[in-house]
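Visitor: What follows is the file data_23.txt, containing compact mmCIF, C-alpha atoms and all ligand atoms:
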# COMPACT_ATOMS: atom_id res chain seq x y z
CA MET A 97 110.85 104.75 75.76
CA LYS A 98 114.49 105.59 75.36
CA LYS A 99 116.00 107.73 78.08
CA ILE A 100 117.91 110.75 76.78
CA SER A 101 119.52 111.57 80.14
CA TYR A 102 122.27 109.67 81.97
CA LEU A 103 121.16 110.98 85.35
CA THR A 104 121.80 108.24 87.92
CA ASP A 105 121.05 109.73 91.33
CA LEU A 106 121.28 112.78 93.53
CA THR A 107 123.59 113.22 96.49
CA CYS A 108 123.58 115.61 99.42
CA SER A 109 126.36 118.16 99.05
CA VAL A 110 127.26 117.73 102.73
CA CYS A 111 126.63 114.12 103.88
CA SER A 112 126.69 112.45 100.43
CA LYS A 113 123.48 110.54 101.14
CA SER A 114 121.91 109.30 97.89
CA PHE A 115 118.42 110.31 96.69
CA ASP A 116 116.24 108.75 93.96
CA PRO A 117 115.76 111.05 90.94
CA HIS A 118 112.59 109.18 89.88
CA GLN A 119 110.87 110.66 92.93
CA ILE A 120 110.24 114.33 93.63
CA GLN A 121 113.25 115.60 95.62
CA THR A 122 114.00 118.89 97.32
CA TYR A 123 117.12 119.13 99.52
CA CYS A 124 118.75 117.16 102.34
CA HIS A 125 116.63 117.99 105.38
CA GLU A 126 119.14 116.44 107.76
CA CYS A 127 121.95 118.75 106.64
CA ASN A 128 119.72 121.58 105.41
CA ALA A 129 121.85 121.53 102.25
CA PRO A 130 121.37 121.29 98.47
CA LEU A 131 121.36 118.06 96.49
CA LEU A 132 123.52 117.68 93.39
CA ALA A 133 122.81 115.47 90.39
CA ASN A 134 125.14 112.68 89.29
CA TYR A 135 125.39 111.22 85.78
CA ASP A 136 126.91 108.05 84.42
CA LEU A 137 129.90 109.92 83.03
CA GLN A 138 131.80 106.75 82.13
CA ALA A 139 128.94 105.60 79.91
CA ILE A 140 128.70 109.03 78.27
CA ARG A 141 132.44 109.01 77.77
CA LYS A 142 132.20 105.72 75.87
CA LYS A 143 129.13 106.61 73.83
CA LEU A 144 129.44 110.27 72.99
CA ASP A 145 131.96 112.24 70.96
CA ARG A 146 132.25 115.78 72.38
CA ASP A 147 132.44 117.29 68.88
CA GLU A 148 129.20 115.59 67.85
CA LEU A 149 127.27 117.89 70.16
CA PHE A 150 128.15 120.89 68.05
CA LEU A 151 126.22 119.45 65.13
CA ARG A 152 122.94 119.14 67.02
CA PRO A 153 120.22 121.83 66.84
CA LYS A 154 121.42 124.90 68.78
CA GLY A 155 120.52 125.56 72.40
CA MET A 156 120.94 124.25 75.91
CA TRP A 157 119.12 121.00 75.23
CA ARG A 158 121.72 119.68 72.81
CA TRP A 159 123.52 118.56 76.01
CA THR A 160 120.62 116.20 76.87
CA GLU A 161 122.80 113.37 78.18
CA LEU A 162 124.09 115.76 80.87
CA LEU A 163 120.73 117.29 81.75
CA PRO A 164 118.19 115.68 84.09
CA VAL A 165 115.16 115.08 81.83
CA TYR A 166 114.68 111.41 80.83
CA GLN A 167 111.99 111.76 78.13
CA ARG A 168 112.42 114.24 75.30
CA GLU A 169 108.71 115.08 75.27
CA ASN A 170 109.06 116.65 78.74
CA ILE A 171 111.53 119.30 77.62
CA VAL A 172 110.09 122.79 78.00
CA SER A 173 112.15 125.19 75.91
CA LEU A 174 111.95 128.75 74.66
CA GLY A 175 115.29 128.62 72.84
CA GLU A 176 117.63 129.17 75.80
CA GLY A 177 121.40 128.70 75.68
CA ASP A 178 124.14 129.03 73.08
CA THR A 179 124.50 132.69 73.93
CA PRO A 180 127.28 134.67 72.23
CA LEU A 181 130.76 134.82 73.64
CA LEU A 182 131.91 138.31 72.69
CA GLN A 183 135.50 139.48 72.66
CA LEU A 184 135.87 142.83 74.44
CA GLY A 185 138.53 144.29 72.16
CA ASN A 186 138.18 147.93 73.13
CA LEU A 187 138.03 147.44 76.88
CA GLY A 188 140.64 144.71 76.69
CA LYS A 189 143.08 147.07 75.01
CA ARG A 190 142.57 149.72 77.66
CA LEU A 191 142.95 147.23 80.50
CA GLY A 192 145.97 145.53 78.93
CA LEU A 193 144.05 142.26 78.60
CA PRO A 194 143.99 141.14 74.97
CA ASN A 195 142.07 137.97 75.84
CA LEU A 196 139.03 139.47 77.51
CA TYR A 197 135.56 138.10 76.73
CA LEU A 198 131.98 138.50 77.84
CA LYS A 199 129.30 135.84 77.66
CA ASP A 200 126.08 137.67 76.92
CA GLU A 201 123.37 135.87 78.82
CA GLY A 202 121.03 138.81 78.29
CA GLN A 203 120.20 137.28 74.93
CA ASN A 204 118.37 134.37 76.53
CA PRO A 205 114.55 134.07 76.51
CA THR A 206 113.03 136.27 79.24
CA GLY A 207 116.15 138.45 78.98
CA SER A 208 118.33 136.70 81.52
CA PHE A 209 120.25 133.52 82.23
CA LYS A 210 117.53 132.50 84.68
CA ALA A 211 115.89 130.99 81.60
CA ARG A 212 118.46 128.19 81.62
CA GLY A 213 117.77 127.15 85.19
CA LEU A 214 114.03 127.36 84.93
CA SER A 215 113.92 125.51 81.60
CA ALA A 216 115.71 122.62 83.31
CA SER A 217 113.75 122.64 86.58
CA VAL A 218 110.31 123.20 85.06
CA SER A 219 110.96 120.43 82.52
CA LYS A 220 111.90 118.06 85.32
CA ALA A 221 108.88 119.18 87.36
CA LYS A 222 106.66 118.34 84.41
CA GLU A 223 108.31 114.93 84.10
CA LEU A 224 107.73 114.23 87.79
CA GLY A 225 104.06 115.22 87.59
CA ILE A 226 104.31 118.41 89.65
CA GLY A 227 101.31 120.65 88.94
CA LYS A 228 101.97 123.94 90.72
CA ILE A 229 105.16 125.78 91.53
CA VAL A 230 105.91 128.59 93.99
CA MET A 231 109.00 130.77 94.16
CA PRO A 232 110.25 133.93 95.83
CA SER A 233 111.96 136.30 93.39
CA ALA A 234 113.36 139.82 93.53
CA GLY A 235 114.17 139.92 89.86
CA ASN A 236 114.56 137.69 86.86
CA ALA A 237 113.85 134.23 88.27
CA GLY A 238 110.13 134.96 88.61
CA GLY A 239 109.70 135.94 84.98
CA ALA A 240 111.52 132.84 83.82
CA LEU A 241 109.44 130.59 86.07
CA ALA A 242 106.22 132.22 84.86
CA ALA A 243 107.13 131.78 81.20
CA TYR A 244 108.30 128.17 81.41
CA ALA A 245 105.51 127.07 83.75
CA THR A 246 102.90 128.52 81.43
CA ARG A 247 104.51 126.83 78.45
CA ALA A 248 104.35 123.53 80.36
CA GLU A 249 100.73 124.26 81.36
CA LEU A 250 101.68 124.33 85.05
CA LYS A 251 100.53 126.89 87.61
CA SER A 252 102.97 129.36 89.14
CA LEU A 253 102.82 131.58 92.22
CA ILE A 254 105.53 134.19 92.77
CA PHE A 255 106.22 136.19 95.93
CA MET A 256 108.11 139.37 95.11
CA PRO A 257 109.43 142.17 97.34
CA LYS A 258 107.59 145.45 96.66
CA SER A 259 110.91 146.95 95.56
CA THR A 260 111.24 144.51 92.62
CA PRO A 261 111.79 146.32 89.28
CA LEU A 262 108.56 146.92 87.39
CA ALA A 263 109.66 144.96 84.32
CA ASN A 264 110.13 141.85 86.46
CA ILE A 265 106.66 142.13 87.98
CA ALA A 266 105.02 142.83 84.62
CA GLU A 267 106.61 139.87 82.84
CA CYS A 268 105.35 137.49 85.54
CA LYS A 269 101.83 138.79 85.29
CA ILE A 270 101.57 138.81 81.51
CA THR A 271 102.79 135.23 81.24
CA GLY A 272 100.09 134.13 83.65
CA ALA A 273 101.69 133.76 87.07
CA ARG A 274 99.90 134.71 90.27
CA VAL A 275 102.05 137.48 91.76
CA GLU A 276 102.00 138.52 95.43
CA LEU A 277 103.97 141.63 96.43
CA VAL A 278 105.36 141.53 99.96
CA GLU A 279 107.26 143.78 102.38
CA GLY A 280 110.99 143.12 102.88
CA LEU A 281 113.64 141.43 100.75
CA ILE A 282 113.97 138.07 99.05
CA ASN A 283 114.34 136.31 102.42
CA GLU A 284 110.91 137.59 103.51
CA ALA A 285 109.39 136.53 100.19
CA GLY A 286 110.99 133.14 100.79
CA LYS A 287 109.02 132.74 104.03
CA TYR A 288 105.74 133.27 102.15
CA ALA A 289 106.78 130.70 99.56
CA GLN A 290 107.50 128.27 102.39
CA GLN A 291 104.02 128.88 103.82
CA ALA A 292 102.42 128.25 100.42
CA GLU A 293 104.33 124.99 100.26
CA ASP A 294 103.36 123.93 103.78
CA SER A 295 99.69 124.89 103.68
CA GLU A 296 98.67 124.48 100.03
CA GLY A 297 101.15 121.97 98.62
CA TRP A 298 102.88 124.22 96.11
CA PHE A 299 106.22 122.82 94.95
CA ASN A 300 108.96 125.18 96.15
CA MET A 301 111.44 126.13 93.42
CA SER A 302 113.54 128.53 95.53
CA THR A 303 117.23 128.63 94.60
CA PHE A 304 118.89 125.31 95.54
CA LYS A 305 115.78 124.04 97.37
CA GLU A 306 115.39 121.68 94.42
CA PRO A 307 118.28 120.05 92.51
CA TYR A 308 117.67 120.92 88.86
CA ARG A 309 117.97 124.68 88.30
CA VAL A 310 121.71 124.41 88.79
CA GLU A 311 121.83 121.73 86.09
CA GLY A 312 120.47 124.16 83.51
CA LYS A 313 122.94 126.82 84.59
CA LYS A 314 125.88 124.47 84.43
CA ILE A 315 125.54 124.29 80.65
CA MET A 316 127.18 127.75 80.54
CA GLY A 317 130.34 125.92 81.58
CA TYR A 318 130.00 123.36 78.77
CA GLU A 319 129.43 126.11 76.21
CA ILE A 320 132.54 127.94 77.37
CA ALA A 321 134.64 124.78 77.09
CA GLU A 322 133.37 124.18 73.57
CA SER A 323 133.89 127.84 72.55
CA PHE A 324 137.54 127.67 73.61
CA ALA A 325 138.18 124.38 71.83
CA TRP A 326 138.05 122.42 75.13
CA ARG A 327 140.78 124.43 76.84
CA LEU A 328 139.20 126.37 79.68
CA PRO A 329 139.89 130.08 80.28
CA ASP A 330 142.06 131.17 83.21
CA VAL A 331 139.57 133.33 85.07
CA ILE A 332 135.76 133.47 85.24
CA ILE A 333 134.19 136.49 86.88
CA TYR A 334 130.65 135.90 87.98
CA PRO A 335 128.06 138.12 89.72
CA THR A 336 126.93 135.98 92.61
CA GLY A 337 123.56 136.08 94.33
CA GLY A 338 122.19 132.60 95.07
CA GLY A 339 125.23 131.09 93.41
CA THR A 340 123.63 128.69 90.91
CA GLY A 341 125.76 129.96 88.03
CA LEU A 342 129.06 129.68 89.86
CA VAL A 343 128.32 126.31 91.46
CA GLY A 344 126.85 125.05 88.18
CA MET A 345 129.84 126.02 86.07
CA TRP A 346 132.33 124.53 88.52
CA LYS A 347 130.27 121.32 88.49
CA ALA A 348 130.43 121.36 84.69
CA PHE A 349 134.22 121.71 84.74
CA LEU A 350 134.61 118.73 87.07
CA GLU A 351 132.25 116.69 84.88
CA LEU A 352 134.19 117.73 81.77
CA ARG A 353 137.41 116.55 83.36
CA ALA A 354 135.84 113.21 84.31
CA LEU A 355 134.49 112.87 80.76
CA GLY A 356 138.02 113.27 79.41
CA TRP A 357 136.82 116.04 77.10
CA LEU A 358 139.35 118.70 78.13
CA GLU A 359 142.59 119.38 76.27
CA SER A 360 144.18 120.65 79.48
CA ASP A 361 143.29 119.79 83.06
CA VAL A 362 143.84 123.34 84.26
CA LEU A 363 140.51 124.66 85.52
CA PRO A 364 139.52 128.36 85.70
CA ARG A 365 139.86 130.43 88.88
CA MET A 366 136.30 131.31 89.86
CA VAL A 367 135.70 134.86 91.06
CA THR A 368 132.56 135.92 92.88
CA VAL A 369 131.58 139.56 92.55
CA GLN A 370 129.02 140.99 94.97
CA ALA A 371 127.84 144.50 95.82
CA ASP A 372 129.26 146.44 98.78
CA GLY A 373 125.68 146.70 100.11
CA CYS A 374 125.21 142.92 100.14
CA ALA A 375 128.38 140.86 100.19
CA PRO A 376 127.90 137.86 102.52
CA ILE A 377 130.03 135.51 100.40
CA VAL A 378 132.87 138.03 100.09
CA LYS A 379 132.90 138.52 103.86
CA ALA A 380 132.87 134.81 104.60
CA PHE A 381 135.63 134.25 102.04
CA GLN A 382 137.81 136.93 103.57
CA ASP A 383 137.13 135.69 107.10
CA GLY A 384 138.14 132.17 106.09
CA ARG A 385 134.71 130.77 106.99
CA GLN A 386 132.88 127.83 105.43
CA THR A 387 129.43 129.37 105.59
CA SER A 388 128.13 132.94 105.42
CA GLU A 389 126.13 135.01 107.86
CA LEU A 390 122.87 136.79 107.07
CA TRP A 391 123.72 140.26 105.67
CA GLU A 392 121.67 142.90 107.52
CA ASN A 393 120.04 145.82 105.66
CA ALA A 394 121.06 144.52 102.24
CA HIS A 395 120.76 147.05 99.44
CA THR A 396 122.17 147.48 95.92
CA ILE A 397 120.97 148.54 92.48
CA ALA A 398 121.97 145.07 91.28
CA THR A 399 118.81 143.30 92.45
CA GLY A 400 120.11 139.87 91.42
CA LEU A 401 122.92 140.29 93.94
CA CYS A 402 120.63 141.34 96.77
CA VAL A 403 120.61 137.91 98.41
CA PRO A 404 121.44 138.36 102.13
CA GLN A 405 122.16 134.65 102.59
CA SER A 406 122.39 131.93 99.98
CA PHE A 407 121.13 128.43 100.75
CA ALA A 408 124.24 127.21 98.89
CA ASP A 409 126.79 129.40 100.69
CA ARG A 410 128.86 126.41 101.74
CA LEU A 411 129.04 125.16 98.14
CA ILE A 412 129.89 128.57 96.70
CA LEU A 413 132.73 129.07 99.18
CA ARG A 414 134.00 125.53 98.67
CA ASP A 415 134.09 125.96 94.87
CA ILE A 416 135.79 129.37 94.94
CA ARG A 417 138.52 127.94 97.19
CA ALA A 418 138.86 124.70 95.21
CA SER A 419 139.44 126.80 92.08
CA GLN A 420 141.96 129.09 93.83
CA GLY A 421 139.56 131.88 93.02
CA ASN A 422 138.62 135.09 94.74
CA ALA A 423 135.65 137.07 96.06
CA ILE A 424 135.37 140.84 95.86
CA SER A 425 132.71 143.46 96.21
CA VAL A 426 132.09 146.66 94.25
CA SER A 427 130.06 149.77 95.01
CA ASP A 428 126.87 150.81 93.23
CA ASP A 429 128.78 153.80 91.82
CA GLU A 430 131.42 151.50 90.38
CA ILE A 431 128.67 149.35 88.87
CA THR A 432 127.09 152.41 87.25
CA THR A 433 130.41 153.57 85.81
CA SER A 434 131.22 150.13 84.45
CA ARG A 435 127.77 149.85 82.94
CA GLN A 436 128.35 153.07 81.07
CA ARG A 437 131.74 151.82 79.89
CA LEU A 438 130.38 148.54 78.55
CA ALA A 439 127.69 150.41 76.65
CA GLU A 440 129.86 153.25 75.32
CA GLN A 441 132.94 151.22 74.48
CA GLU A 442 131.52 147.86 73.44
CA GLY A 443 127.89 148.52 72.51
CA ILE A 444 126.66 146.19 75.23
CA PHE A 445 123.70 147.40 77.29
CA SER A 446 124.25 145.23 80.34
CA CYS A 447 122.31 144.68 83.52
CA PRO A 448 123.88 146.12 86.70
CA GLU A 449 124.92 142.61 87.81
CA GLY A 450 126.81 142.13 84.55
CA ALA A 451 128.47 145.51 84.90
CA ALA A 452 129.60 144.48 88.39
CA THR A 453 131.84 141.84 86.80
CA LEU A 454 133.69 144.54 84.83
CA ALA A 455 134.07 146.63 87.98
CA GLY A 456 135.43 143.55 89.75
CA LEU A 457 137.82 142.80 86.91
CA GLU A 458 139.31 146.29 87.07
CA LYS A 459 140.07 145.79 90.76
CA LEU A 460 141.71 142.44 90.12
CA VAL A 461 143.84 143.86 87.33
CA LYS A 462 144.95 146.74 89.57
CA ALA A 463 145.82 144.28 92.31
CA GLY A 464 147.89 142.25 89.85
CA TRP A 465 145.73 139.17 90.41
CA ILE A 466 145.22 138.67 86.68
CA ASP A 467 148.16 138.39 84.34
CA GLN A 468 148.23 140.19 80.96
CA ASN A 469 148.27 137.05 78.88
CA GLU A 470 145.50 135.30 80.77
CA THR A 471 142.05 134.72 79.32
CA ALA A 472 139.24 136.17 81.41
CA ILE A 473 135.48 135.95 80.95
CA LEU A 474 132.90 138.35 82.29
CA PHE A 475 129.23 137.47 82.51
CA ASN A 476 126.43 139.75 81.51
CA THR A 477 123.64 137.83 83.19
CA GLY A 478 120.72 139.89 81.90
CA SER A 479 119.58 142.48 79.40
CA GLY A 480 119.90 146.13 80.37
CA LEU A 481 116.44 146.70 78.89
CA LYS A 482 114.87 145.02 81.92
CA TYR A 483 116.15 147.77 84.21
CA ILE A 484 114.99 150.99 82.63
CA CYS A 485 112.02 151.58 84.91
C1 LIG B 501 119.79 135.92 89.61
C2 LIG B 501 120.74 136.84 88.98
C3 LIG B 501 122.10 136.85 89.35
C4 LIG B 501 122.65 135.96 90.42
O1 LIG B 501 122.70 134.65 89.96
P1 LIG B 501 123.03 133.39 90.84
O2 LIG B 501 123.43 132.35 89.85
O3 LIG B 501 121.81 133.02 91.57
O4 LIG B 501 124.14 133.72 91.75
C5 LIG B 501 122.94 137.68 88.65
N1 LIG B 501 122.49 138.50 87.67
C6 LIG B 501 121.20 138.52 87.30
C7 LIG B 501 120.77 139.46 86.22
C8 LIG B 501 120.28 137.69 87.93
O5 LIG B 501 119.00 137.72 87.56
ZN ZN B 502 122.85 115.55 103.93
Kindly return the structure encoded in the file as structure tokens.
Ligand SMILES: *Cc1c(COP(=O)(O)O)cnc(C)c1O
Ligand SMILES: [Zn+2]

Guide:
Amino acid sequence: MKKISYLTDLTCSVCSKSFDPHQIQTYCHECNAPLLANYDLQAIRKKLDRDELFLRPKGMWRWTELLPVYQRENIVSLGEGDTPLLQLGNLGKRLGLPNLYLKDEGQNPTGSFKARGLSASVSKAKELGIGKIVMPSAGNAGGALAAYATRAELKSLIFMPKSTPLANIAECKITGARVELVEGLINEAGKYAQQAEDSEGWFNMSTFKEPYRVEGKKIMGYEIAESFAWRLPDVIIYPTGGGTGLVGMWKAFLELRALGWLESDVLPRMVTVQADGCAPIVKAFQDGRQTSELWENAHTIATGLCVPQSFADRLILRDIRASQGNAISVSDDEITTSRQRLAEQEGIFSCPEGAATLAGLEKLVKAGWIDQNETAILFNTGSGLKYIC
């Protein structure tokens, strides 16, 4: 049957060793580092007209050539992607930034952009014949896994810290996942997931421990390019936990450049925003380091940012620097204030992580790091409705 994907192979993000995408793959065990997917971009460049993609049925899967699933029948979708890019006219005026936008990922299935990643990785798991999937989650990833796994008729097992918001636990249960609540943070939950993998053969879908979640997330970058008529914005401000969104979008921009689809080769400056109570990437960035250290006693109301150490820290830091970007942290109070502002001034009920990007933006404007005529994009990564209890 005809392959719809131009995926050629996977390579280790550190040693560049090649891995076969027709086999189940995880990460490079020699380097303890994520794998990244490669596509035959030259073939796509010859075959595909970038503007043709706009005419396809809406959603993430219209970019099939650049996603990892070979057979269309293996796609597991709930209608993710093609989220609105909203101009923030009121806030923009007050901040002196007429070209300020927000991509509202809260309008995805399961109420967060985790739907993109899990749609891609669960689809690929189905294609590779994987039957049961385990994951640690302190927030939205679990609900997305549960929903997509159930839709694919696969089993899911989710280890969640006891402190996980109720909505996130409930959505996993109702969509049929087995949920285990554990003491500690996401890192602790990750150890249980590892045990389930080792002793019972569950496939581990932890962030960056398999290569395909980031492929779903990268499509945010393609959508942005298309929205701005293939001229990328100057600054992207992204709330960073595990880093799939940031690494994915930067990957998309490099692919776009190789595809020859961009009107200008200037790529956006990527900004990581973290919370004061858990800012390992910000610290490593400021210290000029290539990897981060485990953040002790991590705490923040933005649960998606409560990741004491990302498995992809090296990649996140590399991409921020390659883009001439920045990394800043904001307090929970600043997040709360910004959340109020987004709701009262723009009618957007954001998640705390999304509000953190506005708080970060304000700091960058004050510091003069963003120029008045530059185009900046904030990300609301989830719906505020998931955080009311
Ligand atoms: C997971 C999550 C994040 C962090 O995303 P990464 O791409 O893993 O860095 C941010 N916001 C929300 C709402 C999330 O669920
Ligand atoms: Zn390696």

Visitor: Would you pick out the contacts of Leu454 in chain A at 10 Å or less, using all atoms listed in the file, so that residues sharing its chain but fewer than 6 positions from it are not included, and give the list as a PyMOL selection string?

Guide: chain A and resi 187+198+333-335+369+426+430-431+433-435+437-438+460+473-476

Visitor: Pull the neighbourhood of (119.6, 129.2, 98.9) for me: all residues within 9 Å in file coordinates, counting all atoms listed in the file, as a PyMOL selection string.

Guide: chain A and resi 129-130+302-305+338-340+403+405-409

Visitor: Ligand LIG 501 (chain B): which residues are within 7 Å, counting all atoms listed in the file, as a PyMOL selection string?

Guide: chain A and resi 208-210+235-237+335-342+400-401+447+449-450+477-478

Visitor: Could you check the closest approach to Tyr135 in chain A for each of A:Ala375, A:Val165, A:Ala273, A:Ile424 and tell me which residue wins, using only C-alpha atoms?

Guide: A:Val165

Visitor: For range 171-183 of chain A, work out the shell of residues within 7 Å, counting only C-alpha atoms and skipping chain neighbours fewer than 2 positions away, then give it as an NGL selection string.

Guide: :A and (154-156 or 165 or 168-169 or 185 or 196-201 or 203-205 or 211-212 or 215 or 219 or 244 or 247-248 or 319)

Visitor: Between CA of Gly456 in chain A and CA of Ala418 in chain A, what is the distance, to one decimal in Å?

Guide: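 Atom-to-atom, CA of Gly456 in chain A and CA of Ala418 in chain A are spaced 19.9 Å apart.
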
Visitor: Collect all residues with atoms no farther than 9 Å from ligand ZN 502 (chain B), counting all atoms listed in the file, and output them as a list in words.

Guide: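 Counting all atoms listed in the file, the residues within 9 Å of ligand ZN 502 (chain B) come out as Thr107, Cys108, Ser109, Val110, Cys111, Ser112, Lys113, Ser114, Tyr123, Cys124, His125, Glu126, Cys127, Asn128, Ala129, Pro130 and Leu131 of chain A.
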
Visitor: Between A:Leu355, A:Met316, A:Leu481, A:Ala463, which has the minimum distance to Lys143 in chain A (counting all atoms listed in the file)?

Guide: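 Looking at the shortest contact to Lys143 in chain A, the residue is A:Leu355.
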
Visitor: Which residue gives the smallest distance to Ile226 in chain A among A:Glu359, A:Asp147, A:Asp429, A:Glu249, with only C-alpha atoms counted?

Guide: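 The answer is A:Glu249, which sits nearest to Ile226 in chain A.
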
Visitor: Find the residues around Arg309 in chain A up to 7 Å (all atoms listed in the file counted), leave out those fewer than 5 positions away in its own chain, and share them as a ChimeraX atom specification.

Guide: /A:213-214,216-217

Visitor: Store the residues of this selection in a file with C-alpha atoms, as a PDB file, in the coordinates of the input.

Guide:
ATOM      1  CA  GLY A 213     117.770 127.150  85.190  1.00  0.00           C
ATOM      2  CA  LEU A 214     114.030 127.360  84.930  1.00  0.00           C
ATOM      3  CA  ALA A 216     115.710 122.620  83.310  1.00  0.00           C
ATOM      4  CA  SER A 217     113.750 122.640  86.580  1.00  0.00           C
TER       5      SER A 217
END

Visitor: List every protein, DNA or RNA residue that has an atom no more than 12 Å from (131.2, 110.3, 82.2) in the file's coordinate frame, counting all atoms listed in the file, and report them as a ChimeraX atom specification.

Guide: /A:101-104,134-146,161-162,348,350-357

Visitor: Report the distance between CA of Asp361 in chain A and CA of Phe381 in chain A in Å, rounded to one decimal place.

Guide: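 Distance between the two atoms: 25.1 Å.
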
Visitor: Taking into account all atoms listed in the file, which residue in the set A:Lys482, A:Lys462, A:Lys251, A:Arg410 is nearest to Pro448 in chain A?

Guide: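 Closest to Pro448 in chain A of all the choices is A:Lys482.
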
Visitor: Identify, on the basis of all atoms listed in the file, every residue whose closest approach to Ile254 in chain A does not exceed 8 Å; exclude the query and any residue fewer than 5 positions from it along the same chain; express the result as a PyMOL selection string.

Guide: chain A and resi 230-233+238+268+273-276+289

Visitor: Considering only C-alpha atoms, state which residue in the set A:Ala266, A:Ala439, A:Leu250, A:Ile229 is at the smallest distance from Glu293 in chain A.

Guide: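 Closest candidate: A:Ile229.
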
Visitor: Calculate how many Å separate CA of Pro307 in chain A from CA of Ile120 in chain A, rounding to one decimal.

Guide: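 Separating CA of Pro307 in chain A from CA of Ile120 in chain A is a distance of 9.9 Å.
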